[in-house]
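Data file: start_14.txt. Format and content: compact mmCIF, N, CA and C atoms.
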```
# COMPACT_ATOMS: atom_id res chain seq x y z
N MET N 1 33.79 -4.33 20.49
CA MET N 1 33.49 -5.46 19.63
C MET N 1 31.99 -5.54 19.33
N LYS N 2 31.15 -5.32 20.37
CA LYS N 2 29.70 -5.38 20.17
C LYS N 2 29.24 -4.30 19.20
N ILE N 3 29.87 -3.14 19.25
CA ILE N 3 29.50 -2.05 18.35
C ILE N 3 29.84 -2.43 16.92
N LYS N 4 31.00 -3.00 16.68
CA LYS N 4 31.40 -3.41 15.33
C LYS N 4 30.45 -4.47 14.81
N LEU N 5 30.09 -5.44 15.65
CA LEU N 5 29.17 -6.49 15.25
C LEU N 5 27.79 -5.91 14.94
N GLY N 6 27.33 -4.97 15.76
CA GLY N 6 26.04 -4.32 15.53
C GLY N 6 26.04 -3.52 14.24
N LEU N 7 27.13 -2.81 13.97
CA LEU N 7 27.23 -2.03 12.72
C LEU N 7 27.26 -2.95 11.51
N ALA N 8 27.96 -4.07 11.62
CA ALA N 8 28.02 -5.03 10.52
C ALA N 8 26.63 -5.60 10.25
N ALA N 9 25.89 -5.92 11.30
CA ALA N 9 24.53 -6.45 11.13
C ALA N 9 23.62 -5.40 10.49
N LEU N 10 23.75 -4.16 10.91
CA LEU N 10 22.94 -3.07 10.34
C LEU N 10 23.26 -2.88 8.86
N ALA N 11 24.54 -2.90 8.53
CA ALA N 11 24.94 -2.74 7.13
C ALA N 11 24.40 -3.88 6.28
N ALA N 12 24.44 -5.11 6.81
CA ALA N 12 23.92 -6.26 6.07
C ALA N 12 22.42 -6.13 5.86
N ALA N 13 21.70 -5.69 6.89
CA ALA N 13 20.25 -5.53 6.79
C ALA N 13 19.89 -4.46 5.76
N LEU N 14 20.62 -3.36 5.78
CA LEU N 14 20.36 -2.30 4.80
C LEU N 14 20.66 -2.77 3.39
N SER N 15 21.70 -3.54 3.24
CA SER N 15 22.07 -4.06 1.93
C SER N 15 20.98 -4.98 1.39
N LEU N 16 20.47 -5.86 2.23
CA LEU N 16 19.40 -6.76 1.81
C LEU N 16 18.13 -6.00 1.48
N THR N 17 17.81 -5.00 2.25
CA THR N 17 16.63 -4.19 1.99
C THR N 17 16.75 -3.47 0.66
N ALA N 18 17.91 -2.92 0.37
CA ALA N 18 18.13 -2.22 -0.89
C ALA N 18 18.02 -3.18 -2.05
N CYS N 19 18.57 -4.36 -1.93
CA CYS N 19 18.48 -5.36 -3.00
C CYS N 19 17.05 -5.79 -3.21
N SER N 20 16.34 -6.01 -2.12
CA SER N 20 14.94 -6.42 -2.22
C SER N 20 14.10 -5.36 -2.90
N SER N 21 14.30 -4.10 -2.54
CA SER N 21 13.54 -3.01 -3.15
C SER N 21 13.88 -2.88 -4.61
N ALA N 22 15.14 -3.02 -4.97
CA ALA N 22 15.54 -2.89 -6.37
C ALA N 22 14.92 -4.00 -7.20
N GLY N 23 14.85 -5.20 -6.65
CA GLY N 23 14.25 -6.31 -7.37
C GLY N 23 12.78 -6.07 -7.63
N THR N 24 12.08 -5.56 -6.65
CA THR N 24 10.66 -5.27 -6.80
C THR N 24 10.44 -4.19 -7.84
N THR N 25 11.25 -3.14 -7.79
CA THR N 25 11.11 -2.05 -8.75
C THR N 25 11.37 -2.56 -10.16
N GLY N 26 12.39 -3.38 -10.31
CA GLY N 26 12.72 -3.91 -11.63
C GLY N 26 11.59 -4.74 -12.20
N GLN N 27 10.94 -5.55 -11.34
CA GLN N 27 9.84 -6.36 -11.81
C GLN N 27 8.66 -5.49 -12.21
N THR N 28 8.37 -4.47 -11.42
CA THR N 28 7.27 -3.58 -11.74
C THR N 28 7.55 -2.83 -13.03
N ALA N 29 8.77 -2.33 -13.18
CA ALA N 29 9.10 -1.58 -14.38
C ALA N 29 9.01 -2.45 -15.62
N SER N 30 9.49 -3.70 -15.53
CA SER N 30 9.46 -4.53 -16.72
C SER N 30 8.03 -4.90 -17.10
N SER N 31 7.15 -5.12 -16.11
CA SER N 31 5.78 -5.44 -16.45
C SER N 31 5.05 -4.20 -16.96
N ALA N 32 5.44 -3.03 -16.50
CA ALA N 32 4.78 -1.80 -16.95
C ALA N 32 5.20 -1.43 -18.36
N THR N 33 6.34 -1.97 -18.82
CA THR N 33 6.79 -1.59 -20.15
C THR N 33 6.42 -2.61 -21.22
N ALA N 34 5.73 -3.67 -20.84
CA ALA N 34 5.31 -4.64 -21.85
C ALA N 34 4.29 -3.97 -22.76
N THR N 35 4.37 -4.25 -24.03
CA THR N 35 3.44 -3.63 -24.96
C THR N 35 3.11 -4.58 -26.10
N THR N 36 1.99 -4.36 -26.75
CA THR N 36 1.61 -5.15 -27.90
C THR N 36 1.64 -4.24 -29.12
N ALA N 37 1.47 -4.84 -30.28
CA ALA N 37 1.49 -4.07 -31.51
C ALA N 37 0.36 -3.05 -31.55
N THR N 38 -0.72 -3.30 -30.83
CA THR N 38 -1.84 -2.36 -30.84
C THR N 38 -1.65 -1.20 -29.90
N GLY N 39 -0.63 -1.28 -29.03
CA GLY N 39 -0.38 -0.18 -28.11
C GLY N 39 -1.38 -0.10 -26.98
N THR N 40 -2.00 -1.23 -26.60
CA THR N 40 -3.03 -1.19 -25.58
C THR N 40 -2.55 -1.67 -24.22
N THR N 41 -1.26 -1.95 -24.07
CA THR N 41 -0.76 -2.31 -22.75
C THR N 41 0.20 -1.26 -22.27
N GLY N 42 0.85 -1.45 -21.12
CA GLY N 42 1.80 -0.49 -20.57
C GLY N 42 2.77 -0.01 -21.63
N ALA N 43 3.39 1.13 -21.42
CA ALA N 43 4.16 1.73 -22.48
C ALA N 43 5.58 2.06 -22.08
N PRO N 44 6.55 1.63 -22.88
CA PRO N 44 7.91 2.11 -22.67
C PRO N 44 8.01 3.55 -23.16
N ALA N 45 9.08 4.22 -22.81
CA ALA N 45 9.26 5.61 -23.21
C ALA N 45 9.08 5.74 -24.72
N GLY N 46 8.27 6.69 -25.14
CA GLY N 46 8.07 6.95 -26.56
C GLY N 46 6.93 6.16 -27.18
N ALA N 47 6.44 5.12 -26.51
CA ALA N 47 5.34 4.33 -27.05
C ALA N 47 4.02 5.01 -26.73
N LYS N 48 3.06 4.79 -27.60
CA LYS N 48 1.73 5.38 -27.39
C LYS N 48 0.75 4.27 -27.05
N VAL N 49 -0.26 4.64 -26.27
CA VAL N 49 -1.35 3.72 -25.95
C VAL N 49 -2.65 4.33 -26.45
N SER N 50 -3.64 3.50 -26.61
CA SER N 50 -4.93 3.95 -27.10
C SER N 50 -5.72 4.66 -26.01
N ALA N 51 -6.15 5.87 -26.29
CA ALA N 51 -6.99 6.61 -25.35
C ALA N 51 -8.35 5.94 -25.20
N ASN N 52 -8.75 5.15 -26.19
CA ASN N 52 -10.06 4.51 -26.17
C ASN N 52 -10.06 3.12 -25.55
N THR N 53 -8.96 2.38 -25.67
CA THR N 53 -8.99 0.98 -25.23
C THR N 53 -8.04 0.64 -24.09
N ALA N 54 -6.99 1.42 -23.88
CA ALA N 54 -6.05 1.12 -22.79
C ALA N 54 -6.73 1.35 -21.45
N ASP N 55 -6.37 0.54 -20.45
CA ASP N 55 -6.96 0.78 -19.14
C ASP N 55 -6.22 1.92 -18.44
N GLU N 56 -6.77 2.35 -17.33
CA GLU N 56 -6.24 3.52 -16.62
C GLU N 56 -4.77 3.36 -16.23
N SER N 57 -4.39 2.17 -15.77
CA SER N 57 -3.00 1.95 -15.36
C SER N 57 -2.05 1.97 -16.55
N GLN N 58 -2.50 1.49 -17.69
CA GLN N 58 -1.67 1.53 -18.90
C GLN N 58 -1.47 2.97 -19.37
N ILE N 59 -2.52 3.76 -19.30
CA ILE N 59 -2.42 5.17 -19.67
C ILE N 59 -1.49 5.90 -18.71
N ALA N 60 -1.64 5.63 -17.43
CA ALA N 60 -0.77 6.27 -16.42
C ALA N 60 0.69 5.90 -16.66
N ALA N 61 0.96 4.65 -17.03
CA ALA N 61 2.34 4.23 -17.31
C ALA N 61 2.90 4.98 -18.52
N ALA N 62 2.07 5.16 -19.54
CA ALA N 62 2.49 5.90 -20.72
C ALA N 62 2.75 7.36 -20.37
N PHE N 63 1.91 7.93 -19.51
CA PHE N 63 2.11 9.32 -19.08
C PHE N 63 3.39 9.47 -18.28
N THR N 64 3.64 8.54 -17.40
CA THR N 64 4.87 8.57 -16.61
C THR N 64 6.08 8.52 -17.53
N ALA N 65 6.05 7.63 -18.52
CA ALA N 65 7.15 7.51 -19.47
C ALA N 65 7.33 8.80 -20.28
N ALA N 66 6.21 9.52 -20.52
CA ALA N 66 6.27 10.77 -21.29
C ALA N 66 6.63 11.97 -20.42
N GLY N 67 6.77 11.76 -19.10
CA GLY N 67 7.15 12.85 -18.22
C GLY N 67 5.99 13.69 -17.71
N VAL N 68 4.79 13.12 -17.74
CA VAL N 68 3.61 13.83 -17.25
C VAL N 68 3.55 13.72 -15.73
N GLY N 69 3.51 14.86 -15.06
CA GLY N 69 3.35 14.85 -13.61
C GLY N 69 1.93 14.45 -13.23
N ASN N 70 1.77 13.80 -12.08
CA ASN N 70 0.47 13.37 -11.59
C ASN N 70 -0.24 12.49 -12.64
N ALA N 71 0.50 11.54 -13.16
CA ALA N 71 0.04 10.69 -14.27
C ALA N 71 -1.27 9.98 -13.97
N GLU N 72 -1.45 9.49 -12.76
CA GLU N 72 -2.66 8.75 -12.42
C GLU N 72 -3.90 9.63 -12.52
N ARG N 73 -3.78 10.86 -12.06
CA ARG N 73 -4.92 11.78 -12.12
C ARG N 73 -5.32 12.05 -13.56
N TRP N 74 -4.32 12.32 -14.42
CA TRP N 74 -4.62 12.62 -15.82
C TRP N 74 -5.14 11.39 -16.54
N ALA N 75 -4.69 10.21 -16.15
CA ALA N 75 -5.21 8.97 -16.76
C ALA N 75 -6.69 8.82 -16.44
N ARG N 76 -7.09 9.15 -15.21
CA ARG N 76 -8.52 9.09 -14.85
C ARG N 76 -9.34 10.03 -15.74
N GLU N 77 -8.80 11.21 -16.00
CA GLU N 77 -9.53 12.18 -16.84
C GLU N 77 -9.67 11.66 -18.27
N VAL N 78 -8.63 11.05 -18.79
CA VAL N 78 -8.69 10.50 -20.15
C VAL N 78 -9.77 9.44 -20.23
N VAL N 79 -9.81 8.54 -19.27
CA VAL N 79 -10.81 7.48 -19.27
C VAL N 79 -12.21 8.07 -19.11
N GLU N 80 -12.35 9.08 -18.28
CA GLU N 80 -13.66 9.69 -18.03
C GLU N 80 -14.30 10.26 -19.30
N TYR N 81 -13.50 10.82 -20.18
CA TYR N 81 -14.05 11.51 -21.36
C TYR N 81 -14.11 10.63 -22.60
N ARG N 82 -13.95 9.33 -22.48
CA ARG N 82 -14.07 8.43 -23.62
C ARG N 82 -15.48 8.44 -24.15
N PRO N 83 -15.70 8.10 -25.39
CA PRO N 83 -14.75 7.71 -26.42
C PRO N 83 -14.24 8.92 -27.19
N TYR N 84 -13.14 8.69 -27.89
CA TYR N 84 -12.53 9.71 -28.73
C TYR N 84 -12.66 9.28 -30.18
N ALA N 85 -12.90 10.25 -31.06
CA ALA N 85 -13.06 9.93 -32.48
C ALA N 85 -11.77 9.34 -33.04
N ALA N 86 -11.90 8.25 -33.76
CA ALA N 86 -10.74 7.56 -34.33
C ALA N 86 -9.99 8.43 -35.33
N ASP N 87 -10.69 9.38 -35.96
CA ASP N 87 -10.04 10.23 -36.97
C ASP N 87 -9.49 11.53 -36.37
N ASP N 88 -9.52 11.67 -35.04
CA ASP N 88 -9.01 12.87 -34.38
C ASP N 88 -7.62 12.60 -33.82
N ALA N 89 -6.62 12.59 -34.69
CA ALA N 89 -5.25 12.25 -34.31
C ALA N 89 -4.68 13.20 -33.27
N ASP N 90 -5.14 14.46 -33.24
CA ASP N 90 -4.64 15.45 -32.28
C ASP N 90 -5.43 15.43 -30.97
N LEU N 91 -6.43 14.55 -30.90
CA LEU N 91 -7.28 14.43 -29.72
C LEU N 91 -7.81 15.79 -29.25
N THR N 92 -8.39 16.52 -30.19
CA THR N 92 -8.91 17.86 -29.92
C THR N 92 -9.95 17.87 -28.82
N SER N 93 -10.86 16.89 -28.82
CA SER N 93 -11.90 16.88 -27.77
C SER N 93 -11.28 16.65 -26.39
N LEU N 94 -10.25 15.82 -26.30
CA LEU N 94 -9.57 15.61 -25.03
C LEU N 94 -8.87 16.90 -24.59
N ARG N 95 -8.19 17.56 -25.51
CA ARG N 95 -7.53 18.83 -25.20
C ARG N 95 -8.54 19.83 -24.62
N GLN N 96 -9.71 19.90 -25.22
CA GLN N 96 -10.73 20.84 -24.75
C GLN N 96 -11.22 20.48 -23.35
N ASN N 97 -11.40 19.18 -23.10
CA ASN N 97 -11.85 18.75 -21.77
C ASN N 97 -10.78 18.99 -20.71
N LEU N 98 -9.53 18.76 -21.05
CA LEU N 98 -8.44 18.97 -20.08
C LEU N 98 -8.22 20.44 -19.79
N ALA N 99 -8.51 21.30 -20.75
CA ALA N 99 -8.26 22.74 -20.60
C ALA N 99 -8.99 23.32 -19.40
N LYS N 100 -10.14 22.76 -19.03
CA LYS N 100 -10.88 23.31 -17.89
C LYS N 100 -10.17 23.10 -16.56
N TYR N 101 -9.14 22.23 -16.54
CA TYR N 101 -8.36 22.00 -15.32
C TYR N 101 -7.08 22.83 -15.30
N ASN N 102 -6.85 23.62 -16.34
CA ASN N 102 -5.66 24.46 -16.46
C ASN N 102 -4.34 23.71 -16.21
N PRO N 103 -4.11 22.62 -16.94
CA PRO N 103 -2.89 21.85 -16.70
C PRO N 103 -1.64 22.48 -17.29
N GLY N 104 -1.80 23.43 -18.17
CA GLY N 104 -0.67 24.03 -18.87
C GLY N 104 -0.46 23.35 -20.21
N GLU N 105 -0.04 24.13 -21.17
CA GLU N 105 0.12 23.61 -22.54
C GLU N 105 1.13 22.47 -22.60
N ASP N 106 2.23 22.59 -21.86
CA ASP N 106 3.26 21.55 -21.87
C ASP N 106 2.70 20.22 -21.38
N THR N 107 1.92 20.25 -20.31
CA THR N 107 1.33 19.02 -19.77
C THR N 107 0.36 18.41 -20.77
N VAL N 108 -0.50 19.22 -21.37
CA VAL N 108 -1.46 18.71 -22.35
C VAL N 108 -0.71 18.10 -23.53
N ASN N 109 0.34 18.75 -24.00
CA ASN N 109 1.11 18.21 -25.12
C ASN N 109 1.76 16.87 -24.77
N LYS N 110 2.26 16.73 -23.55
CA LYS N 110 2.84 15.46 -23.11
C LYS N 110 1.77 14.38 -23.03
N ILE N 111 0.60 14.74 -22.52
CA ILE N 111 -0.51 13.78 -22.43
C ILE N 111 -0.87 13.27 -23.82
N VAL N 112 -1.09 14.18 -24.73
CA VAL N 112 -1.50 13.81 -26.08
C VAL N 112 -0.38 13.05 -26.81
N SER N 113 0.87 13.38 -26.51
CA SER N 113 1.99 12.68 -27.17
C SER N 113 2.06 11.21 -26.79
N ALA N 114 1.44 10.84 -25.68
CA ALA N 114 1.48 9.46 -25.20
C ALA N 114 0.27 8.64 -25.67
N LEU N 115 -0.65 9.28 -26.41
CA LEU N 115 -1.91 8.64 -26.76
C LEU N 115 -2.15 8.57 -28.27
N THR N 116 -2.92 7.58 -28.65
CA THR N 116 -3.53 7.52 -29.98
C THR N 116 -5.02 7.48 -29.74
N PRO N 117 -5.83 7.93 -30.71
CA PRO N 117 -7.29 7.88 -30.51
C PRO N 117 -7.80 6.44 -30.39
```
Before we go any further, please render this structure as structure tokens.
Amino acid sequence: MKIKLGLAALAAALSLTACSSAGTTGQTASSATATTATGTTGAPAGAKVSANTADESQIAAAFTAAGVGNAERWAREVVEYRPYAADDADLTSLRQNLAKYNPGEDTVNKIVSALTP
């Protein structure tokens, strides 16, 4: 009987922990996906943020949504090399700066796909 009661208590504790974690993740995800018309806040999948005005966490969120690995590291690099020319839609100067880290063409393309100048 004690074993059954102990297992029931363990199952209940695990269930509450899973629910609590899911709630936290949901709140974080929803706040990370909020965006404005200017694209300067967190980004849902497919949305772009400004390489010049978005903060590092917003850029990292956009990179994560675009499937960029190590999004936080690449967001730091984007912020480091600011400003970017407003008329450089392909972000050529950013591509050149990132190339010295050998991220791979696919990674650079994903990074640039998540940004506007």
If you count all atoms listed in the file, the residue of N:Ala89, N:Asn70, N:Arg76, N:Ala99 closest to N:Leu115 turns out to be N:Ala89
In terms of only C-alpha atoms, the residue from N:Glu56, N:Glu72, N:Val78, N:Ala66 at minimal distance from N:Asn109 is N:Ala66
*Rank nothing, just name the residue among N:Ala86, N:Ala61, N:Ala114, N:Ala47 nearest to N:Arg73, using only C-alpha atoms.*
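Answer, going by the shortest atom-to-atom distance: N:Ala61.
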